[in-house]
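Q: This is my_file_15.pdb, which holds PDB, C-alpha atoms:
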ATOM      1  CA  MET A  14      19.564 -11.584 -12.926
ATOM      2  CA  SER A  15      22.210  -9.136 -11.700
ATOM      3  CA  LEU A  16      20.190  -7.069  -9.248
ATOM      4  CA  THR A  17      21.210  -3.911  -7.424
ATOM      5  CA  THR A  18      19.271  -1.536  -5.199
ATOM      6  CA  GLU A  19      19.634   2.220  -4.873
ATOM      7  CA  PRO A  20      17.567   5.311  -3.998
ATOM      8  CA  LEU A  21      15.022   6.037  -6.696
ATOM      9  CA  HIS A  22      16.250   9.621  -7.006
ATOM     10  CA  ALA A  23      19.952   8.804  -6.984
ATOM     11  CA  ARG A  24      20.150   9.599 -10.699
ATOM     12  CA  PRO A  25      17.847  10.535 -13.571
ATOM     13  CA  ARG A  26      15.452   7.798 -14.656
ATOM     14  CA  SER A  27      14.044   7.226 -18.093
ATOM     15  CA  PRO A  28      10.342   8.203 -18.089
ATOM     16  CA  GLU A  29       9.694   5.255 -20.390
ATOM     17  CA  GLN A  30      11.327   2.831 -17.968
ATOM     18  CA  LEU A  31       9.346   4.183 -15.019
ATOM     19  CA  ALA A  32       6.128   4.056 -17.030
ATOM     20  CA  ARG A  33       6.767   0.370 -17.743
ATOM     21  CA  LEU A  34       7.513  -0.303 -14.096
ATOM     22  CA  PHE A  35       4.384   1.372 -12.766
ATOM     23  CA  ALA A  36       2.008   0.229 -15.521
ATOM     24  CA  GLY A  37      -1.081  -1.354 -13.999
ATOM     25  CA  GLY A  38      -1.241  -2.807 -10.540
ATOM     26  CA  TRP A  39      -3.476  -0.168  -8.974
ATOM     27  CA  PRO A  40      -7.160   0.582  -9.602
ATOM     28  CA  GLU A  41      -7.979   4.081 -10.808
ATOM     29  CA  PHE A  42      -9.972   5.022  -7.721
ATOM     30  CA  ILE A  43      -6.874   4.679  -5.504
ATOM     31  CA  PHE A  44      -5.441   7.792  -7.158
ATOM     32  CA  HIS A  45      -8.425   9.926  -6.109
ATOM     33  CA  ASP A  46      -8.119   9.703  -2.326
ATOM     34  CA  GLN A  47      -8.536  13.266  -1.074
ATOM     35  CA  GLU A  48      -6.898  12.520   2.281
ATOM     36  CA  THR A  49      -3.810  11.192   0.548
ATOM     37  CA  GLY A  50      -3.809  14.268  -1.646
ATOM     38  CA  ARG A  51      -3.537  16.506   1.403
ATOM     39  CA  HIS A  52      -0.345  14.815   2.597
ATOM     40  CA  ILE A  53       1.465  13.170  -0.281
ATOM     41  CA  GLY A  54       3.209  16.280  -1.623
ATOM     42  CA  ARG A  55       5.028  17.018   1.648
ATOM     43  CA  VAL A  56       5.678  13.330   2.254
ATOM     44  CA  ARG A  57       7.347  12.896  -1.122
ATOM     45  CA  GLU A  58       9.363  16.074  -0.582
ATOM     46  CA  LEU A  59      10.511  15.336   2.969
ATOM     47  CA  PHE A  60      11.080  11.599   2.674
ATOM     48  CA  ALA A  61      12.215  11.213  -0.926
ATOM     49  CA  ASP A  62      15.356   9.434   0.292
ATOM     50  CA  LEU A  63      13.170   6.545   1.507
ATOM     51  CA  GLU A  64      12.122   5.635  -2.044
ATOM     52  CA  LEU A  65      14.166   2.688  -3.345
ATOM     53  CA  VAL A  66      14.415   1.000  -6.722
ATOM     54  CA  VAL A  67      15.641  -2.470  -7.660
ATOM     55  CA  LEU A  68      17.576  -2.551 -10.931
ATOM     56  CA  ASP A  69      18.352  -5.372 -13.325
ATOM     57  CA  GLY A  70      21.245  -3.728 -15.101
ATOM     58  CA  ASP A  71      19.825  -0.265 -15.814
ATOM     59  CA  GLU A  72      16.187  -1.389 -15.963
ATOM     60  CA  PRO A  73      14.000  -0.594 -12.920
ATOM     61  CA  VAL A  74      12.198  -3.820 -12.049
ATOM     62  CA  ALA A  75      10.753  -2.976  -8.625
ATOM     63  CA  ALA A  76      10.318   0.097  -6.447
ATOM     64  CA  GLY A  77       8.903   0.964  -3.057
ATOM     65  CA  TRP A  78       8.870   3.631  -0.406
ATOM     66  CA  ALA A  79       8.389   4.155   3.288
ATOM     67  CA  VAL A  80       7.756   6.905   5.814
ATOM     68  CA  PRO A  81       9.363   7.360   9.252
ATOM     69  CA  LEU A  82       7.029   7.562  12.220
ATOM     70  CA  CYS A  83       6.790   6.894  15.939
ATOM     71  CA  TRP A  84       5.074   3.735  17.211
ATOM     72  CA  ASN A  85       5.256   2.225  20.691
ATOM     73  CA  GLY A  86       5.145  -1.364  19.430
ATOM     74  CA  GLU A  87       1.618  -2.084  20.636
ATOM     75  CA  VAL A  88      -1.187  -3.086  18.267
ATOM     76  CA  SER A  89      -3.412  -0.485  19.912
ATOM     77  CA  ASP A  90      -0.983   2.244  18.815
ATOM     78  CA  LEU A  91      -0.784   1.223  15.152
ATOM     79  CA  PRO A  92      -1.816   3.883  12.645
ATOM     80  CA  ALA A  93      -5.341   3.400  11.303
ATOM     81  CA  GLY A  94      -3.769   2.532   7.962
ATOM     82  CA  TYR A  95      -2.100   4.083   4.938
ATOM     83  CA  ASN A  96      -3.447   7.609   5.308
ATOM     84  CA  ASP A  97      -2.900   7.765   9.046
ATOM     85  CA  SER A  98       0.704   6.671   8.467
ATOM     86  CA  LEU A  99       1.234   9.679   6.207
ATOM     87  CA  ALA A 100      -0.302  11.993   8.798
ATOM     88  CA  ARG A 101       1.715  10.522  11.670
ATOM     89  CA  ALA A 102       4.973  10.746   9.736
ATOM     90  CA  LEU A 103       4.367  14.444   9.102
ATOM     91  CA  ALA A 104       3.279  15.027  12.705
ATOM     92  CA  ALA A 105       6.477  13.431  14.023
ATOM     93  CA  TYR A 106       8.578  15.525  11.647
ATOM     94  CA  ASP A 107       6.800  18.759  12.574
ATOM     95  CA  ALA A 108       7.173  18.007  16.298
ATOM     96  CA  GLY A 109      10.884  17.294  15.909
ATOM     97  CA  ARG A 110      10.511  13.756  17.207
ATOM     98  CA  VAL A 111      13.052  11.065  16.315
ATOM     99  CA  PRO A 112      11.173   8.321  14.430
ATOM    100  CA  ASP A 113      11.744   4.731  15.514
ATOM    101  CA  THR A 114       9.652   2.972  12.868
ATOM    102  CA  HIS A 115       9.730   2.512   9.097
ATOM    103  CA  ALA A 116       6.221   2.141   7.641
ATOM    104  CA  VAL A 117       6.514   0.626   4.155
ATOM    105  CA  LEU A 118       3.553   2.043   2.256
ATOM    106  CA  ALA A 119       4.049   0.857  -1.314
ATOM    107  CA  ALA A 120       5.867  -1.837  -3.276
ATOM    108  CA  GLN A 121       5.595  -2.297  -7.020
ATOM    109  CA  VAL A 122       7.090  -5.028  -9.217
ATOM    110  CA  HIS A 123       7.362  -4.640 -12.983
ATOM    111  CA  PRO A 124       4.311  -6.358 -14.552
ATOM    112  CA  ASP A 125       6.561  -8.568 -16.691
ATOM    113  CA  ARG A 126       8.768  -9.621 -13.777
ATOM    114  CA  GLN A 127       6.256 -10.760 -11.175
ATOM    115  CA  GLY A 128       6.754 -14.133  -9.519
ATOM    116  CA  ALA A 129      10.554 -13.932  -9.711
ATOM    117  CA  GLY A 130      11.238 -13.027  -6.094
ATOM    118  CA  LEU A 131      11.657  -9.302  -6.738
ATOM    119  CA  ALA A 132       9.086  -8.323  -4.110
ATOM    120  CA  ALA A 133      11.099 -10.067  -1.399
ATOM    121  CA  LYS A 134      14.297  -8.440  -2.702
ATOM    122  CA  LEU A 135      12.638  -5.021  -2.481
ATOM    123  CA  LEU A 136      11.189  -5.595   0.988
ATOM    124  CA  THR A 137      14.561  -6.813   2.227
ATOM    125  CA  ALA A 138      16.199  -3.648   0.908
ATOM    126  CA  LEU A 139      13.597  -1.463   2.636
ATOM    127  CA  CYS A 140      14.134  -3.317   5.928
ATOM    128  CA  GLU A 141      17.906  -2.975   5.618
ATOM    129  CA  ASP A 142      17.507   0.733   4.919
ATOM    130  CA  ALA A 143      15.475   1.093   8.117
ATOM    131  CA  ALA A 144      18.237  -0.641  10.084
ATOM    132  CA  ARG A 145      20.913   1.633   8.625
ATOM    133  CA  ARG A 146      18.881   4.605   9.798
ATOM    134  CA  GLY A 147      18.577   3.200  13.314
ATOM    135  CA  ARG A 148      14.876   2.424  13.109
ATOM    136  CA  ALA A 149      14.225  -0.735  15.043
ATOM    137  CA  GLN A 150      10.746  -1.453  13.719
ATOM    138  CA  VAL A 151       9.386  -2.057  10.204
ATOM    139  CA  ILE A 152       5.657  -2.312   9.615
ATOM    140  CA  CYS A 153       3.534  -2.412   6.486
ATOM    141  CA  PRO A 154      -0.199  -1.969   5.756
ATOM    142  CA  VAL A 155      -0.459  -4.747   3.172
ATOM    143  CA  ARG A 156      -3.000  -4.535   0.335
ATOM    144  CA  PRO A 157      -3.840  -8.253  -0.031
ATOM    145  CA  THR A 158      -3.527  -9.301  -3.653
ATOM    146  CA  HIS A 159      -6.546 -11.613  -3.780
ATOM    147  CA  LYS A 160      -8.901  -9.753  -1.444
ATOM    148  CA  ALA A 161     -10.680  -8.303  -4.495
ATOM    149  CA  ARG A 162     -11.935 -11.844  -5.191
ATOM    150  CA  TYR A 163     -13.757 -11.760  -1.849
ATOM    151  CA  PRO A 164     -15.041  -8.178  -1.432
ATOM    152  CA  LEU A 165     -17.931  -9.253   0.822
ATOM    153  CA  THR A 166     -15.655 -10.957   3.348
ATOM    154  CA  PRO A 167     -14.561  -8.760   6.270
ATOM    155  CA  ILE A 168     -10.817  -8.174   6.250
ATOM    156  CA  GLU A 169     -10.561  -9.581   9.789
ATOM    157  CA  ARG A 170     -11.762 -12.955   8.511
ATOM    158  CA  TYR A 171      -9.838 -12.806   5.255
ATOM    159  CA  GLN A 172      -6.481 -12.200   6.946
ATOM    160  CA  ALA A 173      -6.962 -15.380   9.009
ATOM    161  CA  TRP A 174      -7.457 -17.671   5.996
ATOM    162  CA  THR A 175      -4.538 -20.086   5.634
ATOM    163  CA  ARG A 176      -3.437 -22.920   3.388
ATOM    164  CA  PRO A 177      -2.890 -26.470   4.671
ATOM    165  CA  ASP A 178       0.767 -25.583   5.310
ATOM    166  CA  GLY A 179      -0.320 -22.833   7.696
ATOM    167  CA  LEU A 180       0.800 -19.935   5.495
ATOM    168  CA  PRO A 181      -1.680 -17.197   4.529
ATOM    169  CA  GLN A 182      -3.946 -17.970   1.610
ATOM    170  CA  ASP A 183      -3.326 -14.528   0.165
ATOM    171  CA  PRO A 184      -0.111 -14.532  -1.923
ATOM    172  CA  TRP A 185       1.085 -11.040  -0.934
ATOM    173  CA  LEU A 186       0.531 -11.713   2.760
ATOM    174  CA  ARG A 187       2.270 -15.052   2.230
ATOM    175  CA  THR A 188       5.332 -13.298   0.783
ATOM    176  CA  HIS A 189       5.634 -11.156   3.901
ATOM    177  CA  VAL A 190       5.147 -14.093   6.287
ATOM    178  CA  ARG A 191       7.696 -16.220   4.446
ATOM    179  CA  MET A 192      10.190 -13.424   5.040
ATOM    180  CA  GLY A 193       9.512 -13.644   8.759
ATOM    181  CA  ALA A 194       6.850 -10.956   9.103
ATOM    182  CA  ARG A 195       4.062 -11.350  11.634
ATOM    183  CA  VAL A 196       0.447 -10.440  10.946
ATOM    184  CA  LEU A 197      -0.616  -7.895  13.562
ATOM    185  CA  ALA A 198      -4.108  -6.586  12.866
ATOM    186  CA  ALA A 199      -6.647  -5.561  10.274
ATOM    187  CA  ALA A 200      -6.868  -1.982   9.049
ATOM    188  CA  PRO A 201     -10.453  -1.945   7.756
ATOM    189  CA  ARG A 202     -10.371   1.758   6.850
ATOM    190  CA  SER A 203      -6.806   2.190   5.669
ATOM    191  CA  GLN A 204      -8.063   4.625   3.043
ATOM    192  CA  VAL A 205     -11.532   6.120   2.641
ATOM    193  CA  ILE A 206     -12.229   7.385  -0.868
ATOM    194  CA  THR A 207     -15.226   9.603  -1.578
ATOM    195  CA  GLY A 208     -16.516  10.894  -4.899
ATOM    196  CA  SER A 209     -19.643  11.782  -6.788
ATOM    197  CA  VAL A 210     -21.668   9.097  -8.549
ATOM    198  CA  ALA A 211     -20.274  10.340 -11.862
ATOM    199  CA  ASP A 212     -16.750  10.085 -10.447
ATOM    200  CA  TRP A 213     -17.261   6.503  -9.412
ATOM    201  CA  GLU A 214     -18.869   5.568 -12.715
ATOM    202  CA  SER A 215     -15.778   6.982 -14.451
ATOM    203  CA  TRP A 216     -13.305   5.269 -12.101
ATOM    204  CA  THR A 217     -14.991   1.856 -12.206
ATOM    205  CA  GLY A 218     -16.565   1.752 -15.665
ATOM    206  CA  LEU A 219     -19.866   0.731 -14.052
ATOM    207  CA  ARG A 220     -23.314   2.265 -14.221
ATOM    208  CA  LEU A 221     -24.533   2.981 -10.690
ATOM    209  CA  PRO A 222     -28.240   3.578 -11.204
ATOM    210  CA  ASP A 223     -29.483   3.173  -7.630
ATOM    211  CA  SER A 224     -28.444   3.686  -4.036
ATOM    212  CA  GLY A 225     -26.876   0.685  -2.320
ATOM    213  CA  ASP A 226     -23.706  -1.366  -2.087
ATOM    214  CA  TYR A 227     -21.800  -2.353  -5.217
ATOM    215  CA  VAL A 228     -18.999  -4.814  -5.938
ATOM    216  CA  ILE A 229     -16.509  -2.847  -8.032
ATOM    217  CA  PRO A 230     -13.571  -3.989 -10.185
ATOM    218  CA  ASP A 231     -10.416  -4.398  -8.070
ATOM    219  CA  GLY A 232     -12.249  -3.270  -4.939
ATOM    220  CA  LEU A 233     -11.253  -5.008  -1.719
ATOM    221  CA  SER A 234     -14.600  -4.091  -0.197
ATOM    222  CA  THR A 235     -17.862  -2.743  -1.559
ATOM    223  CA  LEU A 236     -18.738   0.769  -2.682
ATOM    224  CA  ARG A 237     -21.679   2.413  -0.935
ATOM    225  CA  VAL A 238     -23.641   4.732  -3.228
ATOM    226  CA  ASP A 239     -26.157   7.356  -2.122
ATOM    227  CA  ARG A 240     -27.830   8.719  -5.236
ATOM    228  CA  GLU A 241     -29.780  11.370  -3.342
ATOM    229  CA  ALA A 242     -26.594  12.785  -1.802
ATOM    230  CA  ASP A 243     -24.673  12.131  -5.044
ATOM    231  CA  THR A 244     -21.851  10.361  -3.215
ATOM    232  CA  GLY A 245     -20.024   7.083  -3.321
ATOM    233  CA  VAL A 246     -17.842   6.016  -0.389
ATOM    234  CA  TYR A 247     -15.329   3.183  -0.455
ATOM    235  CA  ALA A 248     -13.235   2.026   2.521
ATOM    236  CA  GLU A 249     -10.033   0.250   1.490
ATOM    237  CA  PRO A 250      -9.007  -2.476   3.959
ATOM    238  CA  ASN A 251      -5.382  -3.449   4.575
ATOM    239  CA  VAL A 252      -3.591  -5.824   6.942
ATOM    240  CA  TRP A 253      -0.817  -4.633   9.232
ATOM    241  CA  VAL A 254       2.286  -6.831   9.314
ATOM    242  CA  ARG A 255       5.521  -6.374  11.241
ATOM    243  CA  HIS A 256       8.897  -7.326   9.793
ATOM    244  CA  ARG A 257      11.028  -6.161  12.728
TER     245      ARG A 257
END
Just give me the structure as structure tokens.
A:
Amino acid sequence: MSLTTEPLHARPRSPEQLARLFAGGWPEFIFHDQETGRHIGRVRELFADLELVVLDGDEPVAAGWAVPLCWNGEVSDLPAGYNDSLARALAAYDAGRVPDTHAVLAAQVHPDRQGAGLAAKLLTALCEDAARRGRAQVICPVRPTHKARYPLTPIERYQAWTRPDGLPQDPWLRTHVRMGARVLAAAPRSQVITGSVADWESWTGLRLPDSGDYVIPDGLSTLRVDREADTGVYAEPNVWVRHR
């Protein structure tokens, strides 16, 4: 592979290439987070230069993005998760504060190119970009790849599971740790997604005939359904790691 990295918006991209890159990888319900919807437009407008793409020739094979925020380096001051990172980035911008931290919020590898080290290449590029901008700290609310296999296990326990070699059992967490990242803390409510019962039946492909907790496809935790209130609430857990 002859890999290069550049800003995603440095030049026009083929819609077909981007569609191939971003095909799959995320459950449908993730795209219906109302809190994200309130922030993502401004975030993408203000911080578009923090979106990077890895190219093999002219083909995008990985992409990711970050937001700049202020963090004092203490676990107690970490954002609550993905959504709080968006809010804090905008708050710092609006207050005119100089951000000292890169929060990497998404990383996507082409479905046909997974397992080839592209995720580490992308994360390295995002960390290097933070350094060029004078941001001393890089953190990431990781969505553990295999957590959906254990939706009943609290994220605090899951993040502590290791292999005999001491590395995390989860492969995505393991990628970060192998690069030198340190696991900091759980983010049990990184995103909270709410919808009607009909919404959740559409997003999951499941019938939800009664109130209670449901294991849903690709869910990292369970969905709580209240038929009387016509609501389903899902809290997406992540794990905070620190690269620098």
Q: Quick one: contact table of stretch 15-134 of chain A to stretch 213-236 of chain A, 10 Å max, nearest atom pair and distance in Å to one decimal per residue, counting all atoms listed in the file, chain and number order, as a tab-separated table?
A:
residue	atom	partner	partner_atom	distance
A:Gly38	CA	A:Asp231	CA	9.6
A:Trp39	CA	A:Asp231	CA	8.2
A:Pro40	CA	A:Asp231	CA	6.1
A:Glu41	CA	A:Trp216	CA	5.6
A:Phe42	CA	A:Trp216	CA	5.5
A:Ile43	CA	A:Trp216	CA	9.2
A:Phe44	CA	A:Trp216	CA	9.6
A:His45	CA	A:Trp216	CA	9.0
Q: If you count all atoms listed in the file, which residues fall within 7 Å of A:Arg255, apart from same-chain ones fewer than 2 positions away, as a list in words?
A: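 Contacts, with the query itself left out: Val151, Ile152, Cys153, Ala194, Arg195, Val196, Leu197, Trp253 and Arg257 of chain A.
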Q: Neighbours of stretch 198-202 of chain A within 9 Å (all atoms listed in the file; same-chain residues fewer than 5 positions away dropped), as a list in words?
A: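 Residues meeting the cut-off are Val88, Leu91, Pro92, Ala93, Gly94, Tyr95, Pro154, Pro167, Ile168, Glu169, Gln172, Tyr247, Ala248, Glu249, Pro250, Asn251, Val252, Trp253 and Val254 of chain A.
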Q: For A:Arg57, which residue out of A:Ser27, A:Gly86, A:Leu99, A:Pro73 is the nearest one, using all atoms listed in the file?
A: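 The answer is A:Leu99, which sits nearest to A:Arg57.
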Q: Calculate how many Å separate atom CA of A:Arg126 from atom CA of A:Val74, rounding to one decimal.
A: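 Atom-to-atom, atom CA of A:Arg126 and atom CA of A:Val74 are spaced 7.0 Å apart.
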Q: So the first atom is atom CA of A:Thr17 and the second is atom CA of A:Leu68; what is the distance between them in Å, to one decimal place?
A: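 The value is 5.2 Å.
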Q: Excluding A:Leu63 and any residue of its chain fewer than 2 positions from it, enumerate the residues within 6 Å of it, using only C-alpha atoms, and give them as a PyMOL selection string.
A: chain A and resi 60-61+78-79
Q: Adding 3 Å on each side of the box along x, y and z that holds all listed atoms of stretch 17-36 of chain A, could you give its centre and edge lengths in Å to one decimal, as lines of an AutoDock Vina configuration file?
A:
center_x = 11.6
center_y = 3.3
center_z = -12.2
size_x = 25.2
size_y = 20.4
size_z = 22.4
Q: Residues picked by the PyMOL selection byres ((chain A and resi 136) around 12) here, as number ranges by chain?
A: A: 18, 64-67, 75-79, 115-122, 130-135, 137-143, 151-153, 155, 185, 188-194, 255-257
Q: For a quick check of understanding, using only C-alpha atoms, which of A:Asp62, A:Asn96, A:Glu72, A:Ala129 has the smallest distance to A:Ala23?
A: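 Counting only C-alpha atoms, the residue closest to A:Ala23 is A:Asp62.
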Q: Let me know the residues the PyMOL selection byres ((chain A and resi 81) around 6) catches in the file above, as an mmCIF file with C-alpha atoms, in the frame of the given file.
A:
data_model
loop_
_atom_site.group_PDB
_atom_site.id
_atom_site.type_symbol
_atom_site.label_atom_id
_atom_site.label_comp_id
_atom_site.auth_asym_id
_atom_site.auth_seq_id
_atom_site.Cartn_x
_atom_site.Cartn_y
_atom_site.Cartn_z
ATOM 1 C CA VAL A 80 7.756 6.905 5.814
ATOM 2 C CA LEU A 82 7.029 7.562 12.220
ATOM 3 C CA ALA A 102 4.973 10.746 9.736
ATOM 4 C CA PRO A 112 11.173 8.321 14.430
ATOM 5 C CA THR A 114 9.652 2.972 12.868
ATOM 6 C CA HIS A 115 9.730 2.512 9.097
#
Q: Report, in Å to a single decimal, how far apart atom CA of A:Gly70 and atom CA of A:Pro28 are.
A: 16.4 Å
Q: Given only C-alpha atoms as the basis, pick out the residue of A:Ala149, A:Ala144, A:Val56, A:Leu186 nearest to A:Asp107.
A: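 Of all the options, A:Val56 lies closest to A:Asp107.
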Q: When distances are computed from all atoms listed in the file, which of A:Arg237, A:His123, A:Arg110, A:His22 shows the smallest separation from A:Leu34?
A: A:His123
